[in-house]
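Raw contents of model02.pdb, PDB, C-alpha atoms:
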MODEL        1
ATOM      1  CA  MET D   1     203.671  34.161  -8.809
ATOM      2  CA  PHE D   2     201.944  33.648  -5.453
ATOM      3  CA  SER D   3     198.406  34.948  -5.425
ATOM      4  CA  CYS D   4     197.936  37.168  -2.378
ATOM      5  CA  PHE D   5     194.189  37.140  -2.946
ATOM      6  CA  LYS D   6     194.034  33.458  -2.016
ATOM      7  CA  ALA D   7     195.676  34.320   1.306
ATOM      8  CA  SER D   8     192.970  36.807   2.292
ATOM      9  CA  LYS D   9     189.967  35.899   4.425
ATOM     10  CA  LYS D  10     187.480  37.855   2.352
ATOM     11  CA  PRO D  11     184.316  36.505   0.798
ATOM     12  CA  GLU D  12     184.914  34.575  -2.420
ATOM     13  CA  LEU D  13     185.018  36.711  -5.554
ATOM     14  CA  PRO D  14     184.320  35.366  -9.014
ATOM     15  CA  THR D  15     187.169  33.272 -10.356
ATOM     16  CA  HIS D  16     188.175  34.403 -13.803
ATOM     17  CA  THR D  17     191.300  32.800 -15.176
ATOM     18  CA  GLU D  18     190.809  33.601 -18.844
ATOM     19  CA  PHE D  19     191.294  37.333 -19.340
ATOM     20  CA  ALA D  20     193.672  39.599 -21.208
ATOM     21  CA  ALA D  21     193.310  42.791 -19.175
ATOM     22  CA  ALA D  22     191.680  44.174 -16.051
ATOM     23  CA  GLY D  23     190.973  47.521 -14.495
ATOM     24  CA  THR D  24     189.184  49.419 -11.788
ATOM     25  CA  LEU D  25     186.215  51.723 -11.826
ATOM     26  CA  PHE D  26     185.649  54.048  -8.869
ATOM     27  CA  THR D  27     182.161  55.427  -8.272
ATOM     28  CA  ASN D  28     179.793  56.893  -5.730
ATOM     29  CA  GLY D  29     176.786  55.817  -7.804
ATOM     30  CA  SER D  30     176.333  59.148  -9.557
ATOM     31  CA  HIS D  31     179.939  59.899 -10.620
ATOM     32  CA  VAL D  32     182.998  57.950 -11.803
ATOM     33  CA  LEU D  33     186.737  58.513 -11.919
ATOM     34  CA  ALA D  34     187.919  58.888 -15.511
ATOM     35  CA  ALA D  35     191.386  59.024 -17.045
ATOM     36  CA  TYR D  36     192.644  60.954 -20.057
ATOM     37  CA  GLN D  37     195.155  58.886 -21.979
ATOM     38  CA  LYS D  38     197.217  60.721 -24.550
ATOM     39  CA  ASP D  39     197.721  58.789 -27.748
ATOM     40  CA  SER D  40     198.998  60.339 -30.936
ATOM     41  CA  THR D  41     196.189  58.825 -32.999
ATOM     42  CA  ASN D  42     193.322  58.435 -30.542
ATOM     43  CA  PRO D  43     193.448  60.407 -27.275
ATOM     44  CA  THR D  44     190.758  58.920 -25.038
ATOM     45  CA  VAL D  45     188.876  59.398 -21.822
ATOM     46  CA  SER D  46     188.590  55.980 -20.241
ATOM     47  CA  GLY D  47     188.840  54.051 -17.016
ATOM     48  CA  ILE D  48     191.939  52.791 -15.244
ATOM     49  CA  GLY D  49     193.385  49.461 -16.339
ATOM     50  CA  GLY D  50     195.601  47.513 -18.647
ATOM     51  CA  LYS D  51     197.087  44.248 -19.810
ATOM     52  CA  ARG D  52     197.699  41.223 -17.649
ATOM     53  CA  GLU D  53     201.353  40.499 -16.874
ATOM     54  CA  GLY D  54     202.396  36.869 -16.594
ATOM     55  CA  SER D  55     200.196  34.796 -14.296
ATOM     56  CA  GLU D  56     198.598  37.698 -12.425
ATOM     57  CA  THR D  57     195.063  37.315 -11.141
ATOM     58  CA  TYR D  58     192.572  39.895 -12.366
ATOM     59  CA  MET D  59     192.693  41.598  -8.958
ATOM     60  CA  GLU D  60     196.480  41.869  -9.162
ATOM     61  CA  THR D  61     196.298  43.261 -12.689
ATOM     62  CA  ALA D  62     193.554  45.757 -11.839
ATOM     63  CA  LEU D  63     195.234  47.116  -8.714
ATOM     64  CA  ARG D  64     198.752  47.164 -10.181
ATOM     65  CA  GLU D  65     197.440  49.148 -13.152
ATOM     66  CA  THR D  66     195.599  51.488 -10.767
ATOM     67  CA  VAL D  67     198.781  52.332  -8.855
ATOM     68  CA  GLU D  68     200.790  52.690 -12.088
ATOM     69  CA  GLU D  69     198.275  54.988 -13.757
ATOM     70  CA  LEU D  70     197.111  57.086 -10.808
ATOM     71  CA  PHE D  71     200.519  57.667  -9.233
ATOM     72  CA  GLY D  72     202.936  57.313 -12.174
ATOM     73  CA  ILE D  73     204.761  54.375 -10.604
ATOM     74  CA  GLU D  74     206.579  52.300 -13.227
ATOM     75  CA  LYS D  75     207.306  49.209 -11.125
ATOM     76  CA  VAL D  76     204.684  48.574  -8.442
ATOM     77  CA  PRO D  77     205.977  46.391  -5.586
ATOM     78  CA  TYR D  78     204.081  43.101  -5.412
ATOM     79  CA  GLY D  79     203.682  43.487  -1.637
ATOM     80  CA  LEU D  80     201.819  46.757  -2.179
ATOM     81  CA  VAL D  81     199.406  45.067  -4.583
ATOM     82  CA  CYS D  82     198.813  42.350  -1.963
ATOM     83  CA  LYS D  83     198.083  44.942   0.740
ATOM     84  CA  LEU D  84     195.518  46.587  -1.494
ATOM     85  CA  ILE D  85     193.822  43.286  -2.286
ATOM     86  CA  VAL D  86     193.576  42.372   1.388
ATOM     87  CA  LYS D  87     192.360  45.831   2.524
ATOM     88  CA  LEU D  88     189.759  46.485  -0.193
ATOM     89  CA  GLU D  89     186.521  44.760  -1.026
ATOM     90  CA  PRO D  90     185.069  45.503  -4.453
ATOM     91  CA  MET D  91     181.411  46.352  -4.893
ATOM     92  CA  LYS D  92     181.226  44.304  -8.065
ATOM     93  CA  VAL D  93     183.362  42.327 -10.512
ATOM     94  CA  GLN D  94     182.227  42.070 -14.122
ATOM     95  CA  LYS D  95     183.800  40.285 -17.073
ATOM     96  CA  ILE D  96     183.231  41.955 -20.432
ATOM     97  CA  GLY D  97     184.793  39.824 -23.157
ATOM     98  CA  THR D  98     188.459  39.400 -22.204
ATOM     99  CA  TYR D  99     188.430  42.445 -19.888
ATOM    100  CA  ILE D 100     187.517  42.326 -16.199
ATOM    101  CA  ILE D 101     186.349  45.455 -14.439
ATOM    102  CA  VAL D 102     186.556  45.649 -10.637
ATOM    103  CA  VAL D 103     184.220  48.288  -9.202
ATOM    104  CA  TYR D 104     185.096  50.136  -5.994
ATOM    105  CA  ASN D 105     183.596  53.145  -4.235
ATOM    106  CA  PHE D 106     185.302  56.496  -3.746
ATOM    107  CA  SER D 107     186.197  55.735  -0.107
ATOM    108  CA  ASP D 108     188.206  52.774  -1.437
ATOM    109  CA  LEU D 109     190.049  55.213  -3.709
ATOM    110  CA  GLU D 110     191.007  57.234  -0.634
ATOM    111  CA  LYS D 111     192.171  54.023   1.114
ATOM    112  CA  ILE D 112     194.348  53.219  -1.904
ATOM    113  CA  THR D 113     195.857  56.703  -1.712
ATOM    114  CA  GLU D 114     196.638  56.244   2.013
ATOM    115  CA  ILE D 115     198.193  52.800   1.538
ATOM    116  CA  VAL D 116     200.280  53.851  -1.474
ATOM    117  CA  LYS D 117     201.491  56.961   0.365
ATOM    118  CA  ARG D 118     202.546  54.880   3.390
ATOM    119  CA  ASP D 119     204.477  52.431   1.216
ATOM    120  CA  LEU D 120     205.955  54.649  -1.496
ATOM    121  CA  LYS D 121     206.056  58.100   0.169
ATOM    122  CA  THR D 122     206.237  60.016  -3.131
ATOM    123  CA  SER D 123     204.833  60.101  -6.620
ATOM    124  CA  PRO D 124     206.405  61.712  -9.672
ATOM    125  CA  LEU D 125     202.959  63.106 -10.558
ATOM    126  CA  TYR D 126     202.262  65.041  -7.343
ATOM    127  CA  PRO D 127     204.237  67.805  -5.621
ATOM    128  CA  ASP D 128     202.830  66.543  -2.298
ATOM    129  CA  PHE D 129     201.295  63.101  -2.112
ATOM    130  CA  PRO D 130     197.493  63.471  -2.423
ATOM    131  CA  LYS D 131     195.390  62.955   0.706
ATOM    132  CA  THR D 132     191.928  63.314  -0.797
ATOM    133  CA  ILE D 133     190.184  62.643  -4.083
ATOM    134  CA  SER D 134     190.210  66.393  -4.725
ATOM    135  CA  ASP D 135     194.008  66.404  -4.278
ATOM    136  CA  LEU D 136     194.275  63.381  -6.572
ATOM    137  CA  VAL D 137     192.394  65.171  -9.342
ATOM    138  CA  LEU D 138     193.380  68.811  -8.872
ATOM    139  CA  THR D 139     197.048  68.732  -7.828
ATOM    140  CA  ARG D 140     198.257  66.222 -10.408
ATOM    141  CA  LYS D 141     201.214  67.514 -12.444
ATOM    142  CA  LYS D 142     200.821  67.508 -16.179
ATOM    143  CA  GLY D 143     203.342  64.681 -16.208
ATOM    144  CA  GLU D 144     204.482  64.966 -19.802
ATOM    145  CA  GLU D 145     208.136  64.992 -18.755
ATOM    146  CA  SER D 146     207.768  61.579 -17.065
ATOM    147  CA  HIS D 147     205.546  60.229 -19.891
ATOM    148  CA  PRO D 148     202.796  58.646 -17.789
ATOM    149  CA  GLU D 149     200.168  56.599 -19.553
ATOM    150  CA  VAL D 150     197.427  58.691 -17.939
ATOM    151  CA  LEU D 151     197.974  62.448 -18.170
ATOM    152  CA  HIS D 152     194.898  63.676 -16.333
ATOM    153  CA  ILE D 153     192.100  62.310 -14.203
ATOM    154  CA  ALA D 154     188.638  63.712 -13.585
ATOM    155  CA  ILE D 155     185.379  62.980 -11.829
ATOM    156  CA  LEU D 156     182.566  62.679 -14.382
ATOM    157  CA  PRO D 157     178.825  62.264 -13.864
ATOM    158  CA  ILE D 158     177.250  58.970 -14.860
ATOM    159  CA  VAL D 159     174.742  59.900 -17.545
ATOM    160  CA  LYS D 160     172.836  57.352 -19.566
ATOM    161  CA  ASN D 161     173.182  57.637 -23.350
ATOM    162  CA  SER D 162     175.638  60.545 -23.219
ATOM    163  CA  ILE D 163     178.010  61.795 -25.890
ATOM    164  CA  VAL D 164     180.731  64.418 -25.858
ATOM    165  CA  ASP D 165     179.725  67.446 -27.887
ATOM    166  CA  VAL D 166     182.114  68.029 -30.797
ATOM    167  CA  ASN D 167     182.108  71.768 -30.075
ATOM    168  CA  PHE D 168     183.253  71.096 -26.504
ATOM    169  CA  ILE D 169     186.154  69.020 -27.819
ATOM    170  CA  GLU D 170     187.117  71.949 -30.050
ATOM    171  CA  ASP D 171     186.768  74.331 -27.080
ATOM    172  CA  VAL D 172     189.262  72.237 -25.146
ATOM    173  CA  ARG D 173     191.634  72.227 -28.114
ATOM    174  CA  VAL D 174     191.506  76.038 -28.141
ATOM    175  CA  VAL D 175     192.557  76.090 -24.495
ATOM    176  CA  LEU D 176     195.370  73.617 -25.170
ATOM    177  CA  ASN D 177     196.601  75.658 -28.128
ATOM    178  CA  SER D 178     195.686  79.088 -26.784
ATOM    179  CA  ASP D 179     198.548  80.804 -28.611
ATOM    180  CA  GLU D 180     197.548  79.182 -31.927
ATOM    181  CA  PRO D 181     193.896  79.831 -32.865
ATOM    182  CA  ASN D 182     192.317  76.862 -34.583
ATOM    183  CA  GLN D 183     190.891  78.059 -37.921
ATOM    184  CA  ASN D 184     188.816  74.893 -38.298
ATOM    185  CA  PHE D 185     187.236  75.605 -34.946
ATOM    186  CA  ILE D 186     186.422  79.215 -35.847
ATOM    187  CA  ASN D 187     184.906  78.255 -39.182
ATOM    188  CA  SER D 188     182.871  75.304 -37.913
ATOM    189  CA  ARG D 189     180.448  77.224 -35.709
TER
ENDMDL
END
Would you mind writing the file's structure down as structure tokens?
Amino acid sequence: MFSCFKASKKPELPTHTEFAAAGTLFTNGSHVLAAYQKDSTNPTVSGIGGKREGSETYMETALRETVEELFGIEKVPYGLVCKLIVKLEPMKVQKIGTYIIVVYNFSDLEKITEIVKRDLKTSPLYPDFPKTISDLVLTRKKGEESHPEVLHIAILPIVKNSIVDVNFIEDVRVVLNSDEPNQNFINSR
């Protein structure tokens, strides 16, 4: 596979050839974009990313996964990934074990939305293609009928040494199962 990153005239980014997966992290310094991934055994709130396919570069993997997960696109055109690589400049690239995280700012997230909209026109996860980060987060369809990897996205504050309160998790479960009260939840408080 031709690496479109090599064709760009951007400053040199770190060269990482040994990696298993890559993803993106979008931030404004005080908040980050987070994804809720439904899994029957371990539902998680995480970042955006996934496994390397073939001989992809980490930038190709990270941006392909971003388009797949944010917009519910199963097969991302390679030309679209190349456009994103050429148009965006990451704030930072960090390798953590076999995973590479590419950090962008929120204005880059809006650029991605514009570029994807121009190329693909529609998304199975949005009634109208999102124009802003608010649209991206708030107008996303539940998506369970199309089985996306990421069901929901949210903007979360960056807080050092934070944990999710168990009671809050139970509160959310009550909302999700509003017609079925959770006895464990009622008895645990």
(message) Rounded to one decimal, what separation in Å do you get between atom CA of D:Asn28 and atom CA of D:Val93?
(response) 15.7 Å
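For the atom pair formed by atom CA of D:Val137 and atom CA of D:Arg173, the distance is 20.1 Å, given to one decimal.
Within the file as shown, the PyMOL selection byres ((chain D and resi 55) around 12) identifies Met1, Phe2, Ser3, Thr17, Glu18, Phe19, Ala20, Ala21, Lys51, Arg52, Glu53, Gly54, Glu56, Thr57, Tyr58, Met59, Glu60 and Thr61 of chain D.
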(request) Given the file shown, enumerate the residues that the PyMOL selection byres ((chain D and resi 157) around 10) captures and present them as a list in words. (result)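 Applied to this file, the PyMOL selection byres ((chain D and resi 157) around 10) returns Thr27, Asn28, Gly29, Ser30, His31, Val32, Leu33, Ala34, Ala154, Ile155, Leu156, Ile158, Val159 and Lys160 of chain D.
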(message) Using all atoms listed in the file for the distances, tell me which of D:Val45, D:Leu138, D:Val174, D:Val67 is nearest to D:Val116.
(response) D:Val67
(message) Given the PyMOL selection byres ((chain D and resi 64) around 12) and the file above, list the residues it selects as number ranges by chain.
(response) D: 21-24, 48-53, 56-63, 65-85, 112, 116
For the selection you just gave me, I'd like the residues written to a file as a tab-separated table (two decimals), in the coordinates of the input, keeping C-alpha atoms.
chain	number	residue	atom	x	y	z
D	21	ALA	CA	193.31	42.79	-19.18
D	22	ALA	CA	191.68	44.17	-16.05
D	23	GLY	CA	190.97	47.52	-14.50
D	24	THR	CA	189.18	49.42	-11.79
D	48	ILE	CA	191.94	52.79	-15.24
D	49	GLY	CA	193.38	49.46	-16.34
D	50	GLY	CA	195.60	47.51	-18.65
D	51	LYS	CA	197.09	44.25	-19.81
D	52	ARG	CA	197.70	41.22	-17.65
D	53	GLU	CA	201.35	40.50	-16.87
D	56	GLU	CA	198.60	37.70	-12.42
D	57	THR	CA	195.06	37.32	-11.14
D	58	TYR	CA	192.57	39.90	-12.37
D	59	MET	CA	192.69	41.60	-8.96
D	60	GLU	CA	196.48	41.87	-9.16
D	61	THR	CA	196.30	43.26	-12.69
D	62	ALA	CA	193.55	45.76	-11.84
D	63	LEU	CA	195.23	47.12	-8.71
D	65	GLU	CA	197.44	49.15	-13.15
D	66	THR	CA	195.60	51.49	-10.77
D	67	VAL	CA	198.78	52.33	-8.86
D	68	GLU	CA	200.79	52.69	-12.09
D	69	GLU	CA	198.28	54.99	-13.76
D	70	LEU	CA	197.11	57.09	-10.81
D	71	PHE	CA	200.52	57.67	-9.23
D	72	GLY	CA	202.94	57.31	-12.17
D	73	ILE	CA	204.76	54.38	-10.60
D	74	GLU	CA	206.58	52.30	-13.23
D	75	LYS	CA	207.31	49.21	-11.12
D	76	VAL	CA	204.68	48.57	-8.44
D	77	PRO	CA	205.98	46.39	-5.59
D	78	TYR	CA	204.08	43.10	-5.41
D	79	GLY	CA	203.68	43.49	-1.64
D	80	LEU	CA	201.82	46.76	-2.18
D	81	VAL	CA	199.41	45.07	-4.58
D	82	CYS	CA	198.81	42.35	-1.96
D	83	LYS	CA	198.08	44.94	0.74
D	84	LEU	CA	195.52	46.59	-1.49
D	85	ILE	CA	193.82	43.29	-2.29
D	112	ILE	CA	194.35	53.22	-1.90
D	116	VAL	CA	200.28	53.85	-1.47
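Applying the 12 Å criterion to (192.4, 65.2, -25.1) in file coordinates and using all atoms listed in the file, one obtains the residues Ala35, Tyr36, Gln37, Lys38, Asp39, Ser40, Thr41, Asn42, Pro43, Thr44, Val45, Ser46, Val150, Leu151, His152, Ile153, Val164, Phe168, Ile169, Glu170, Asp171, Val172, Arg173, Val174, Val175, Leu176 and Asn177 of chain D.
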(request) Rank D:Lys131, D:Gly47, D:Lys141, D:Val166 by their smallest atom-to-atom distance to D:Ser107, using all atoms listed in the file, and report the top residue only. (result)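 Distance minimum relative to D:Ser107 lands on D:Lys131.
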(message) What's the separation between atom CA of D:Leu136 and atom CA of D:Glu149, in Å to one decimal place?
(response)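 Atom CA of D:Glu149 lies 15.8 Å from atom CA of D:Leu136.
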Listed atoms of stretch 66-85 of chain D boxed along x, y and z, 3 Å each side, centre and edge lengths in Å, one decimal, as AutoDock Vina command-line options:
--center_x 200.6 --center_y 50.0 --center_z -6.5 --size_x 19.5 --size_y 21.3 --size_z 20.5
Name all residues at most 12 Å from D:Lys111 (count all atoms listed in the file; drop same-chain ones fewer than 5 positions away) and give them as a compact mmCIF listing (two decimals) with C-alpha atoms, in the coordinates of the input.
# COMPACT_ATOMS: atom_id res chain seq x y z
CA PHE D 26 185.65 54.05 -8.87
CA LYS D 83 198.08 44.94 0.74
CA LEU D 84 195.52 46.59 -1.49
CA ILE D 85 193.82 43.29 -2.29
CA VAL D 86 193.58 42.37 1.39
CA LYS D 87 192.36 45.83 2.52
CA LEU D 88 189.76 46.48 -0.19
CA GLU D 89 186.52 44.76 -1.03
CA TYR D 104 185.10 50.14 -5.99
CA ASN D 105 183.60 53.14 -4.24
CA PHE D 106 185.30 56.50 -3.75
CA VAL D 116 200.28 53.85 -1.47
CA LYS D 117 201.49 56.96 0.36
CA ARG D 118 202.55 54.88 3.39
CA PRO D 130 197.49 63.47 -2.42
CA LYS D 131 195.39 62.96 0.71
CA THR D 132 191.93 63.31 -0.80
CA ILE D 133 190.18 62.64 -4.08
